[in-house]
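Raw contents of input-v1.cif, mmCIF, C-alpha atoms:
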data_run
loop_
_atom_site.label_atom_id
_atom_site.label_comp_id
_atom_site.auth_asym_id
_atom_site.auth_seq_id
_atom_site.Cartn_x
_atom_site.Cartn_y
_atom_site.Cartn_z
CA MET A 819 7.44 31.23 -94.10
CA LYS A 820 11.19 31.26 -93.69
CA SER A 821 12.49 33.56 -90.97
CA ASN A 822 14.92 36.37 -91.79
CA ASN A 823 16.97 35.45 -88.78
CA LYS A 824 16.75 38.88 -87.21
CA LEU A 825 16.31 38.11 -83.53
CA LYS A 826 19.75 37.51 -82.09
CA ILE A 827 19.34 38.44 -78.42
CA PHE A 828 16.94 37.51 -75.61
CA ASN A 829 16.73 39.53 -72.42
CA ASP A 830 16.69 37.10 -69.49
CA PRO A 831 15.83 38.30 -65.96
CA ILE A 832 18.63 36.17 -64.49
CA TYR A 833 21.59 36.37 -66.89
CA GLY A 834 20.79 39.55 -68.78
CA PHE A 835 21.33 39.26 -72.53
CA ILE A 836 21.45 35.77 -74.06
CA THR A 837 22.82 35.70 -77.58
CA ILE A 838 21.81 33.15 -80.20
CA PRO A 839 25.09 31.89 -81.65
CA ASN A 840 24.08 30.98 -85.22
CA SER A 841 21.26 30.67 -87.73
CA LEU A 842 20.71 26.91 -87.21
CA ILE A 843 20.04 27.46 -83.50
CA PHE A 844 17.90 30.49 -84.37
CA ASP A 845 15.80 28.35 -86.73
CA LEU A 846 15.44 25.60 -84.10
CA ILE A 847 14.21 28.17 -81.55
CA GLN A 848 11.77 29.50 -84.15
CA HIS A 849 10.42 26.01 -84.87
CA LYS A 850 6.85 25.31 -83.69
CA TYR A 851 8.07 22.31 -81.65
CA PHE A 852 10.31 24.59 -79.61
CA GLN A 853 7.88 27.53 -79.45
CA ARG A 854 5.40 25.14 -77.79
CA LEU A 855 7.65 25.23 -74.69
CA ARG A 856 6.39 28.77 -74.07
CA ARG A 857 3.11 27.09 -73.14
CA ILE A 858 4.55 24.43 -70.82
CA SER A 859 5.15 25.56 -67.26
CA GLN A 860 8.58 24.70 -65.87
CA MET A 861 7.30 23.75 -62.43
CA GLY A 862 3.91 22.23 -63.13
CA LEU A 863 1.35 23.39 -60.57
CA SER A 864 3.92 24.81 -58.13
CA TYR A 865 2.41 28.26 -58.72
CA LEU A 866 -0.41 27.11 -56.43
CA VAL A 867 2.24 27.28 -53.67
CA TYR A 868 4.61 29.95 -55.03
CA PRO A 869 2.57 32.50 -57.01
CA GLY A 870 5.63 33.68 -58.96
CA ALA A 871 6.46 30.26 -60.40
CA HIS A 872 4.90 30.86 -63.80
CA HIS A 873 8.10 30.57 -65.82
CA THR A 874 8.22 28.14 -68.72
CA ARG A 875 10.36 25.36 -70.22
CA PHE A 876 11.19 27.88 -72.98
CA HIS A 877 12.87 30.14 -70.42
CA HIS A 878 14.81 27.25 -68.92
CA ALA A 879 16.00 25.83 -72.26
CA LEU A 880 17.46 29.20 -73.30
CA GLY A 881 19.11 29.64 -69.90
CA SER A 882 20.71 26.19 -70.10
CA MET A 883 22.03 26.99 -73.59
CA HIS A 884 23.50 30.25 -72.28
CA LEU A 885 25.33 28.42 -69.48
CA MET A 886 26.60 25.85 -72.00
CA GLN A 887 28.10 28.69 -74.06
CA LYS A 888 29.91 29.86 -70.92
CA ALA A 889 31.13 26.34 -70.12
CA ILE A 890 32.51 25.88 -73.64
CA ASN A 891 34.39 29.21 -73.41
CA VAL A 892 35.85 28.30 -69.99
CA LEU A 893 37.03 24.86 -71.15
CA ARG A 894 38.55 26.24 -74.36
CA PHE A 895 40.37 28.87 -72.32
CA LYS A 896 41.86 26.02 -70.24
CA GLY A 897 43.15 24.28 -73.34
CA VAL A 898 40.35 21.75 -73.95
CA THR A 899 39.82 21.37 -77.68
CA ILE A 900 36.19 21.72 -78.72
CA SER A 901 35.54 21.97 -82.47
CA SER A 902 32.81 24.22 -83.85
CA ASP A 903 30.77 21.11 -84.77
CA GLU A 904 31.06 19.84 -81.20
CA GLU A 905 30.13 23.27 -79.85
CA ASN A 906 27.02 23.24 -82.03
CA GLY A 907 26.19 19.69 -80.94
CA LEU A 908 26.45 20.67 -77.26
CA LEU A 909 24.33 23.80 -77.68
CA ILE A 910 21.61 21.98 -79.65
CA ALA A 911 21.54 19.01 -77.24
CA ILE A 912 21.07 21.24 -74.18
CA LEU A 913 18.62 23.54 -75.98
CA LEU A 914 16.37 20.60 -76.90
CA HIS A 915 16.90 18.42 -73.79
CA ASP A 916 13.38 19.21 -72.45
CA ILE A 917 11.47 19.52 -75.72
CA GLY A 918 9.59 16.28 -74.97
CA HIS A 919 7.85 17.54 -71.84
CA GLY A 920 4.08 17.28 -71.85
CA PRO A 921 1.58 19.67 -70.23
CA PHE A 922 2.52 20.74 -66.70
CA SER A 923 5.86 19.02 -67.19
CA HIS A 924 5.41 15.64 -65.45
CA ALA A 925 1.67 14.93 -65.10
CA MET A 926 1.35 13.40 -68.60
CA GLU A 927 3.99 10.75 -67.97
CA HIS A 928 1.93 9.23 -65.18
CA SER A 929 -1.53 9.39 -66.68
CA ILE A 930 -2.26 9.47 -70.40
CA VAL A 931 0.94 8.06 -71.89
CA ASN A 932 2.46 4.89 -70.47
CA ASP A 933 5.98 3.63 -70.24
CA ILE A 934 7.56 6.50 -72.20
CA SER A 935 9.51 9.26 -70.46
CA HIS A 936 9.89 12.88 -71.54
CA GLU A 937 13.56 12.15 -72.36
CA GLU A 938 12.49 9.53 -74.90
CA ILE A 939 9.94 11.93 -76.39
CA SER A 940 12.67 14.62 -76.55
CA LEU A 941 14.76 12.16 -78.54
CA ARG A 942 11.86 11.53 -80.96
CA PHE A 943 11.50 15.28 -81.50
CA MET A 944 15.24 15.62 -82.12
CA GLU A 945 15.19 12.79 -84.66
CA GLU A 946 12.24 14.40 -86.45
CA LEU A 947 14.02 17.78 -86.49
CA ASN A 948 17.19 16.07 -87.70
CA GLU A 949 15.36 14.95 -90.84
CA GLU A 950 13.90 18.40 -91.35
CA PHE A 951 17.31 20.06 -90.89
CA ASN A 952 19.15 17.61 -93.21
CA GLY A 953 21.09 15.70 -90.57
CA SER A 954 22.54 18.73 -88.79
CA LEU A 955 21.43 17.39 -85.37
CA THR A 956 23.22 14.02 -85.69
CA LEU A 957 26.08 14.95 -83.35
CA ALA A 958 23.71 16.61 -80.84
CA ILE A 959 21.64 13.40 -80.71
CA SER A 960 24.76 11.30 -80.10
CA ILE A 961 25.78 13.59 -77.20
CA PHE A 962 22.22 13.64 -75.81
CA ARG A 963 22.06 9.82 -75.83
CA GLY A 964 25.39 9.62 -73.96
CA GLU A 965 26.97 7.77 -76.90
CA TYR A 966 29.51 10.34 -78.05
CA GLU A 967 33.12 9.24 -77.56
CA ARG A 968 34.10 12.36 -75.62
CA LYS A 969 32.35 11.54 -72.36
CA PHE A 970 32.77 14.95 -70.72
CA MET A 971 30.42 16.38 -73.36
CA CYS A 972 27.70 13.93 -72.35
CA GLN A 973 28.35 14.94 -68.70
CA LEU A 974 27.71 18.60 -69.55
CA ILE A 975 24.22 17.56 -70.72
CA SER A 976 23.38 14.97 -68.08
CA SER A 977 25.24 14.38 -64.81
CA GLN A 978 25.16 15.54 -61.19
CA LEU A 979 26.56 18.88 -62.25
CA ASP A 980 25.16 19.57 -65.72
CA MET A 981 23.98 22.78 -67.36
CA ASP A 982 20.35 21.71 -66.94
CA ARG A 983 20.64 21.67 -63.13
CA ALA A 984 22.87 24.73 -63.07
CA ASP A 985 20.04 26.67 -64.72
CA TYR A 986 16.90 25.24 -63.14
CA LEU A 987 18.08 25.58 -59.52
CA LYS A 988 18.95 29.23 -60.03
CA ARG A 989 15.85 29.95 -62.14
CA ASP A 990 13.36 28.14 -59.93
CA SER A 991 14.79 29.78 -56.84
CA PHE A 992 14.44 33.19 -58.52
CA TYR A 993 10.82 32.70 -59.61
CA THR A 994 9.64 31.07 -56.38
CA GLY A 995 11.46 33.61 -54.22
CA VAL A 996 13.12 30.78 -52.27
CA ALA A 997 16.51 32.42 -51.75
CA GLU A 998 18.18 29.32 -50.23
CA GLY A 999 18.13 27.65 -53.65
CA ASN A 1000 20.11 30.42 -55.32
CA ILE A 1001 23.41 29.05 -56.60
CA ASN A 1002 26.29 30.82 -58.29
CA SER A 1003 26.19 28.88 -61.55
CA GLU A 1004 28.70 31.19 -63.24
CA ARG A 1005 31.30 30.59 -60.53
CA LEU A 1006 30.73 26.84 -60.70
CA ILE A 1007 31.23 26.88 -64.47
CA THR A 1008 34.45 28.91 -64.11
CA MET A 1009 35.85 26.07 -61.94
CA LEU A 1010 35.21 23.31 -64.53
CA ASN A 1011 37.99 21.45 -66.29
CA VAL A 1012 38.50 18.20 -68.19
CA ILE A 1013 40.99 15.51 -67.17
CA ASP A 1014 41.17 12.12 -68.96
CA ASP A 1015 37.96 12.95 -70.82
CA MET A 1016 36.03 13.42 -67.54
CA LEU A 1017 34.52 16.62 -66.19
CA VAL A 1018 36.18 17.77 -62.96
CA VAL A 1019 35.85 20.76 -60.66
CA GLU A 1020 39.06 22.47 -59.54
CA GLU A 1021 39.80 22.32 -55.81
CA LYS A 1022 39.03 25.99 -55.20
CA GLY A 1023 35.46 25.26 -56.36
CA ILE A 1024 34.73 22.79 -53.52
CA TYR A 1025 32.63 25.28 -51.55
CA SER A 1026 30.60 26.21 -54.64
CA VAL A 1027 29.83 22.51 -55.22
CA GLU A 1028 28.86 22.06 -51.55
CA LYS A 1029 26.56 25.07 -51.81
CA PHE A 1030 25.07 23.64 -55.02
CA LEU A 1031 24.29 20.27 -53.40
CA VAL A 1032 22.88 21.80 -50.22
CA ALA A 1033 20.73 24.18 -52.34
CA ARG A 1034 19.50 21.23 -54.39
CA ARG A 1035 18.43 19.30 -51.29
CA PHE A 1036 16.72 22.37 -49.89
CA MET A 1037 14.87 23.08 -53.15
CA TYR A 1038 13.58 19.51 -53.28
CA TRP A 1039 12.06 19.57 -49.79
CA GLN A 1040 10.96 23.18 -49.88
CA VAL A 1041 9.80 23.50 -53.50
CA TYR A 1042 9.72 20.43 -55.79
CA LEU A 1043 8.41 18.10 -53.06
CA HIS A 1044 6.41 20.71 -51.19
CA LYS A 1045 3.36 18.89 -49.85
CA THR A 1046 0.83 21.20 -51.51
CA GLY A 1047 2.65 20.82 -54.82
CA VAL A 1048 2.66 17.03 -54.39
CA VAL A 1049 -1.09 16.90 -53.77
CA ALA A 1050 -1.83 19.26 -56.70
CA GLU A 1051 0.21 17.12 -59.12
CA GLN A 1052 -1.49 13.97 -57.85
CA LEU A 1053 -4.90 15.56 -58.44
CA LEU A 1054 -3.93 16.56 -61.98
CA THR A 1055 -2.64 13.06 -62.77
CA ARG A 1056 -5.85 11.56 -61.39
CA THR A 1057 -8.00 14.02 -63.36
CA LEU A 1058 -6.39 12.89 -66.62
CA LYS A 1059 -6.69 9.21 -65.62
CA ARG A 1060 -10.38 9.61 -64.81
CA ALA A 1061 -11.01 11.50 -68.07
CA LYS A 1062 -9.32 8.69 -69.99
CA GLU A 1063 -11.39 6.10 -68.14
CA LEU A 1064 -14.65 7.91 -68.95
CA VAL A 1065 -13.81 8.42 -72.64
CA GLN A 1066 -12.94 4.75 -72.99
CA LEU A 1067 -16.31 3.87 -71.42
CA GLY A 1068 -17.99 5.86 -74.19
CA GLU A 1069 -18.63 9.12 -72.28
CA SER A 1070 -18.33 12.26 -74.35
CA LEU A 1071 -15.94 14.84 -72.89
CA LYS A 1072 -15.40 18.34 -74.22
CA CYS A 1073 -11.70 19.06 -74.88
CA SER A 1074 -9.24 19.83 -77.68
CA ASP A 1075 -8.73 17.26 -80.46
CA SER A 1076 -5.13 16.66 -79.44
CA LEU A 1077 -6.09 15.91 -75.82
CA LEU A 1078 -8.98 13.72 -76.98
CA PHE A 1079 -6.55 11.68 -79.08
CA PHE A 1080 -4.52 10.77 -75.98
CA LEU A 1081 -7.68 10.03 -73.98
CA ASN A 1082 -8.96 7.72 -76.70
CA TYR A 1083 -5.86 5.65 -77.35
CA GLU A 1084 -3.43 3.63 -75.26
CA ILE A 1085 -0.13 5.30 -76.05
CA ASN A 1086 3.15 3.69 -75.03
CA LYS A 1087 6.73 3.41 -76.27
CA ASN A 1088 5.80 1.13 -79.18
CA SER A 1089 2.73 3.01 -80.37
CA PHE A 1090 4.42 6.45 -80.13
CA LYS A 1091 4.89 6.89 -83.89
CA SER A 1092 5.55 9.96 -86.02
CA GLU A 1093 1.80 10.81 -86.21
CA THR A 1094 1.57 10.53 -82.40
CA LEU A 1095 4.47 12.95 -82.07
CA ASN A 1096 2.69 15.40 -84.32
CA VAL A 1097 -0.44 15.31 -82.12
CA PHE A 1098 1.70 15.49 -78.97
CA SER A 1099 3.39 18.64 -80.31
CA LYS A 1100 -0.01 20.38 -80.31
CA LEU A 1101 -0.63 19.62 -76.65
CA ASP A 1102 0.26 22.08 -73.87
CA ASP A 1103 -0.90 23.45 -70.51
CA TYR A 1104 -3.70 25.42 -72.16
CA ASP A 1105 -5.46 22.26 -73.41
CA ILE A 1106 -5.53 20.85 -69.89
CA VAL A 1107 -6.69 24.04 -68.15
CA ALA A 1108 -9.43 24.66 -70.74
CA ALA A 1109 -10.61 21.05 -70.37
CA MET A 1110 -10.67 21.24 -66.55
CA LYS A 1111 -12.65 24.50 -66.65
CA ASP A 1112 -15.28 22.61 -68.62
CA TRP A 1113 -15.09 19.29 -66.76
CA GLN A 1114 -15.73 20.91 -63.37
CA TYR A 1115 -19.42 20.98 -64.41
CA HIS A 1116 -19.52 17.35 -65.58
CA ASP A 1117 -21.99 14.85 -64.11
CA ASP A 1118 -19.27 12.43 -63.04
CA PHE A 1119 -18.66 12.86 -59.30
CA VAL A 1120 -14.94 12.08 -59.52
CA LEU A 1121 -14.04 14.21 -62.55
CA LYS A 1122 -16.14 17.17 -61.39
CA ASN A 1123 -14.62 17.26 -57.90
CA LEU A 1124 -11.02 16.73 -59.02
CA CYS A 1125 -11.29 19.62 -61.50
CA GLU A 1126 -13.00 21.93 -59.00
CA MET A 1127 -10.23 21.26 -56.48
CA ILE A 1128 -7.48 22.29 -58.91
CA ILE A 1129 -9.29 25.23 -60.55
CA ASN A 1130 -10.33 26.73 -57.19
CA ARG A 1131 -7.21 25.60 -55.29
CA ASP A 1132 -9.32 23.80 -52.74
CA LEU A 1133 -7.10 20.74 -52.52
CA LEU A 1134 -7.12 17.54 -50.51
CA LYS A 1135 -5.54 17.45 -47.05
CA ILE A 1136 -2.07 15.89 -47.05
CA LYS A 1137 -0.14 14.47 -44.11
CA VAL A 1138 3.58 13.74 -44.49
CA LYS A 1139 5.22 11.26 -42.09
CA ASN A 1140 8.59 9.60 -41.60
CA LYS A 1141 7.02 6.15 -41.32
CA PRO A 1142 4.85 4.25 -43.82
CA ILE A 1143 1.13 5.10 -43.67
CA LYS A 1144 -1.12 2.67 -41.79
CA MET A 1145 -3.63 1.06 -44.12
CA SER A 1146 -6.28 1.18 -41.36
CA GLU A 1147 -6.06 4.99 -41.38
CA LEU A 1148 -6.55 5.11 -45.15
CA ALA A 1149 -9.50 2.71 -44.95
CA ARG A 1150 -11.13 4.91 -42.30
CA HIS A 1151 -11.02 7.98 -44.56
CA ALA A 1152 -12.17 6.00 -47.62
CA ASN A 1153 -15.13 4.49 -45.74
CA ALA A 1154 -16.20 7.88 -44.39
CA LEU A 1155 -16.15 9.31 -47.94
CA MET A 1156 -18.11 6.34 -49.37
CA ASP A 1157 -20.78 6.73 -46.68
CA ARG A 1158 -21.03 10.49 -47.03
CA TYR A 1159 -21.46 10.56 -50.82
CA ASP A 1160 -22.72 7.04 -51.51
CA ILE A 1161 -19.84 6.31 -53.91
CA SER A 1162 -17.90 3.13 -54.70
CA LYS A 1163 -14.46 2.17 -53.35
CA VAL A 1164 -13.00 2.75 -56.85
CA GLU A 1165 -14.35 6.32 -56.84
CA ALA A 1166 -13.23 6.95 -53.24
CA ASP A 1167 -9.69 5.84 -54.13
CA TYR A 1168 -9.33 8.90 -56.36
CA PHE A 1169 -9.53 11.07 -53.23
CA VAL A 1170 -7.98 8.86 -50.54
CA PHE A 1171 -4.52 7.53 -51.33
CA HIS A 1172 -0.94 7.34 -50.15
CA GLY A 1173 2.53 7.51 -51.67
CA GLU A 1174 6.12 8.33 -50.94
CA ILE A 1175 8.59 11.07 -51.83
CA THR A 1176 12.35 10.60 -51.96
CA ASN A 1177 15.13 13.16 -51.85
CA GLN A 1178 18.78 12.42 -52.57
CA ALA A 1179 20.79 15.53 -53.31
CA TYR A 1180 23.94 13.69 -54.32
CA GLN A 1181 23.76 10.28 -55.98
CA SER A 1182 27.38 9.33 -55.41
CA LYS A 1183 26.89 5.81 -56.75
CA LYS A 1184 25.42 6.97 -60.04
CA HIS A 1185 27.68 9.80 -61.21
CA HIS A 1186 30.55 11.28 -59.25
CA ILE A 1187 31.31 14.95 -58.91
CA ASN A 1188 35.08 14.73 -59.16
CA ILE A 1189 37.34 17.31 -57.58
CA LEU A 1190 40.77 17.99 -59.11
CA LEU A 1191 43.10 18.57 -56.16
CA LYS A 1192 46.13 20.87 -56.38
CA SER A 1193 48.31 17.76 -56.12
CA GLY A 1194 46.80 16.52 -59.41
CA LYS A 1195 44.80 13.74 -57.73
CA ILE A 1196 41.10 13.37 -58.46
CA LYS A 1197 38.68 12.56 -55.63
CA ASP A 1198 34.93 12.40 -55.15
CA ILE A 1199 33.42 15.54 -53.54
CA ALA A 1200 32.03 13.48 -50.62
CA LYS A 1201 35.59 12.38 -49.73
CA VAL A 1202 37.28 15.78 -49.87
CA SER A 1203 34.54 17.99 -48.47
CA ASP A 1204 35.06 19.03 -44.86
CA GLN A 1205 31.31 19.26 -44.50
CA LEU A 1206 29.94 16.23 -42.73
CA ASN A 1207 26.56 16.87 -44.24
CA LEU A 1208 27.77 15.86 -47.73
CA LYS A 1209 27.82 12.26 -46.57
CA ALA A 1210 24.27 12.81 -45.33
CA LEU A 1211 23.34 14.35 -48.69
CA SER A 1212 24.40 11.10 -50.38
CA LYS A 1213 21.81 9.17 -48.39
CA SER A 1214 18.35 8.78 -49.82
CA VAL A 1215 15.64 10.16 -47.51
CA THR A 1216 12.08 8.87 -47.97
CA LYS A 1217 8.93 10.38 -46.51
CA TYR A 1218 5.42 8.96 -46.71
CA TYR A 1219 2.26 10.88 -47.43
CA MET A 1220 -1.45 10.33 -47.22
CA CYS A 1221 -4.14 12.42 -48.94
CA TYR A 1222 -7.82 12.60 -48.07
CA PRO A 1223 -10.64 15.14 -48.43
CA LYS A 1224 -11.42 17.92 -46.02
CA LYS A 1225 -14.77 17.50 -44.26
CA LYS A 1226 -16.88 18.97 -47.07
CA MET A 1227 -16.05 18.43 -50.73
#

Take the structure from the file and write it as structure tokens.
Amino acid sequence: MKSNNKLKIFNDPIYGFITIPNSLIFDLIQHKYFQRLRRISQMGLSYLVYPGAHHTRFHHALGSMHLMQKAINVLRFKGVTISSDEENGLLIAILLHDIGHGPFSHAMEHSIVNDISHEEISLRFMEELNEEFNGSLTLAISIFRGEYERKFMCQLISSQLDMDRADYLKRDSFYTGVAEGNINSERLITMLNVIDDMLVVEEKGIYSVEKFLVARRFMYWQVYLHKTGVVAEQLLTRTLKRAKELVQLGESLKCSDSLLFFLNYEINKNSFKSETLNVFSKLDDYDIVAAMKDWQYHDDFVLKNLCEMIINRDLLKIKVKNKPIKMSELARHANALMDRYDISKVEADYFVFHGEITNQAYQSKKHHINILLKSGKIKDIAKVSDQLNLKALSKSVTKYYMCYPKKKM
């Protein structure tokens, strides 16, 4: 059925009314590939820590598009020429930048598909849609890949200060209730300009950029890398790995056909064909939750316990330290678990493990946030900021964690 293109406005709790600029974008939003994002949570299992964090990738994609509209208007007002084709390309690229996310956002990438990131899957979706929409996404794909000749457009999609970050920091802070992450994205966008084909922030926007970077660092430690969130995501990844292991050993597991497909086959960059994409597009959070509700009663000790932990939010203990974890400590917990339940080392390793988390709010080596000074000179934010902590924000901070079961599982 073809849509009559009636819905032109969304009501967003953060920005108010978001208008859909044209019928092509309306039809892309209506497409089943994009509608699937309503069933993919933006922050994975973070709602186990912050009960309000139930917003979706659909929400975030629309918000990012709205901010892109604002950025285009600001730049045009300042004399930057952006054609209507380029405007469309920018809006489509940002709208679809996350379309390749799997269930619970990141868990898939580390468990049932190998060696293919959500960005690459997003690109496959965009190429598929480009065929369906007779080549009208060609420019958007070029911008998304960072290949378009006007570099500032690629920076608006992916850089240290892009429309993706400008939306998710504000949105995630709103839905988690973590006020320290709230940034003034509109003010930041008002300060943008383009010099020599590069995105710059005018000098009077320095404090907004500082606030943005400090908020980003805070949100990573407090929200995205929150220890309970880290352990929940690890459990989910391990649940899917164990399910895949069992299916490939010939065990029969109850789950949706699309999930079963990914459990049955080794999927990587090379085997991710058009048919794979079609199956992937049918997969969302609901498949995983429904499967876990069933698997918590399975005979397999590992699968049963992992699913029970997530479903009932009775997670593993996690310790976070500034120094690497001692292997002797891990071995002690693993041995205790093996003795208590008479399980193998391989099985115990699903519940006793270590890892590291890294936070770097400003990757000054990768992409610069350039400040346009009143004198006309352009300098990196870390050099012109009078906040000493911006130099600290450029340093990568690593913490080490260890997970193991509570006394009774």

query = What is the distance between atom CA of Phe943 of chain A and atom CA of Gly881 of chain A, in Å to one decimal?
reply =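 Computing it gives 20.0 Å between the two atoms.
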
query = Applied to the shown file, which residues does the PyMOL selection byres ((chain A and resi 1118) around 12) return, written as a PyMOL selection string?
reply = chain A and resi 1057+1060-1061+1063-1065+1069-1071+1113-1117+1119-1125+1161+1165

query = Do you know which residues the PyMOL selection byres ((chain A and resi 1075-1092) around 7) returns on this file, as a PyMOL selection string?
reply = chain A and resi 930-934+1061-1062+1065-1066+1073-1074+1093-1098+1100-1101+1105

task = Could you please determine the separation between atom CA of Ile1007 of chain A and atom CA of Ala889 of chain A in Å, to one decimal place?
result = 5.7 Å

Evaluate the PyMOL selection byres ((chain A and resi 871) around 8) and report residues as a list in words = Met861, Ser864, Tyr865, Tyr868, Pro869, Gly870, His872, His873, Asp990, Tyr993 and Thr994 of chain A
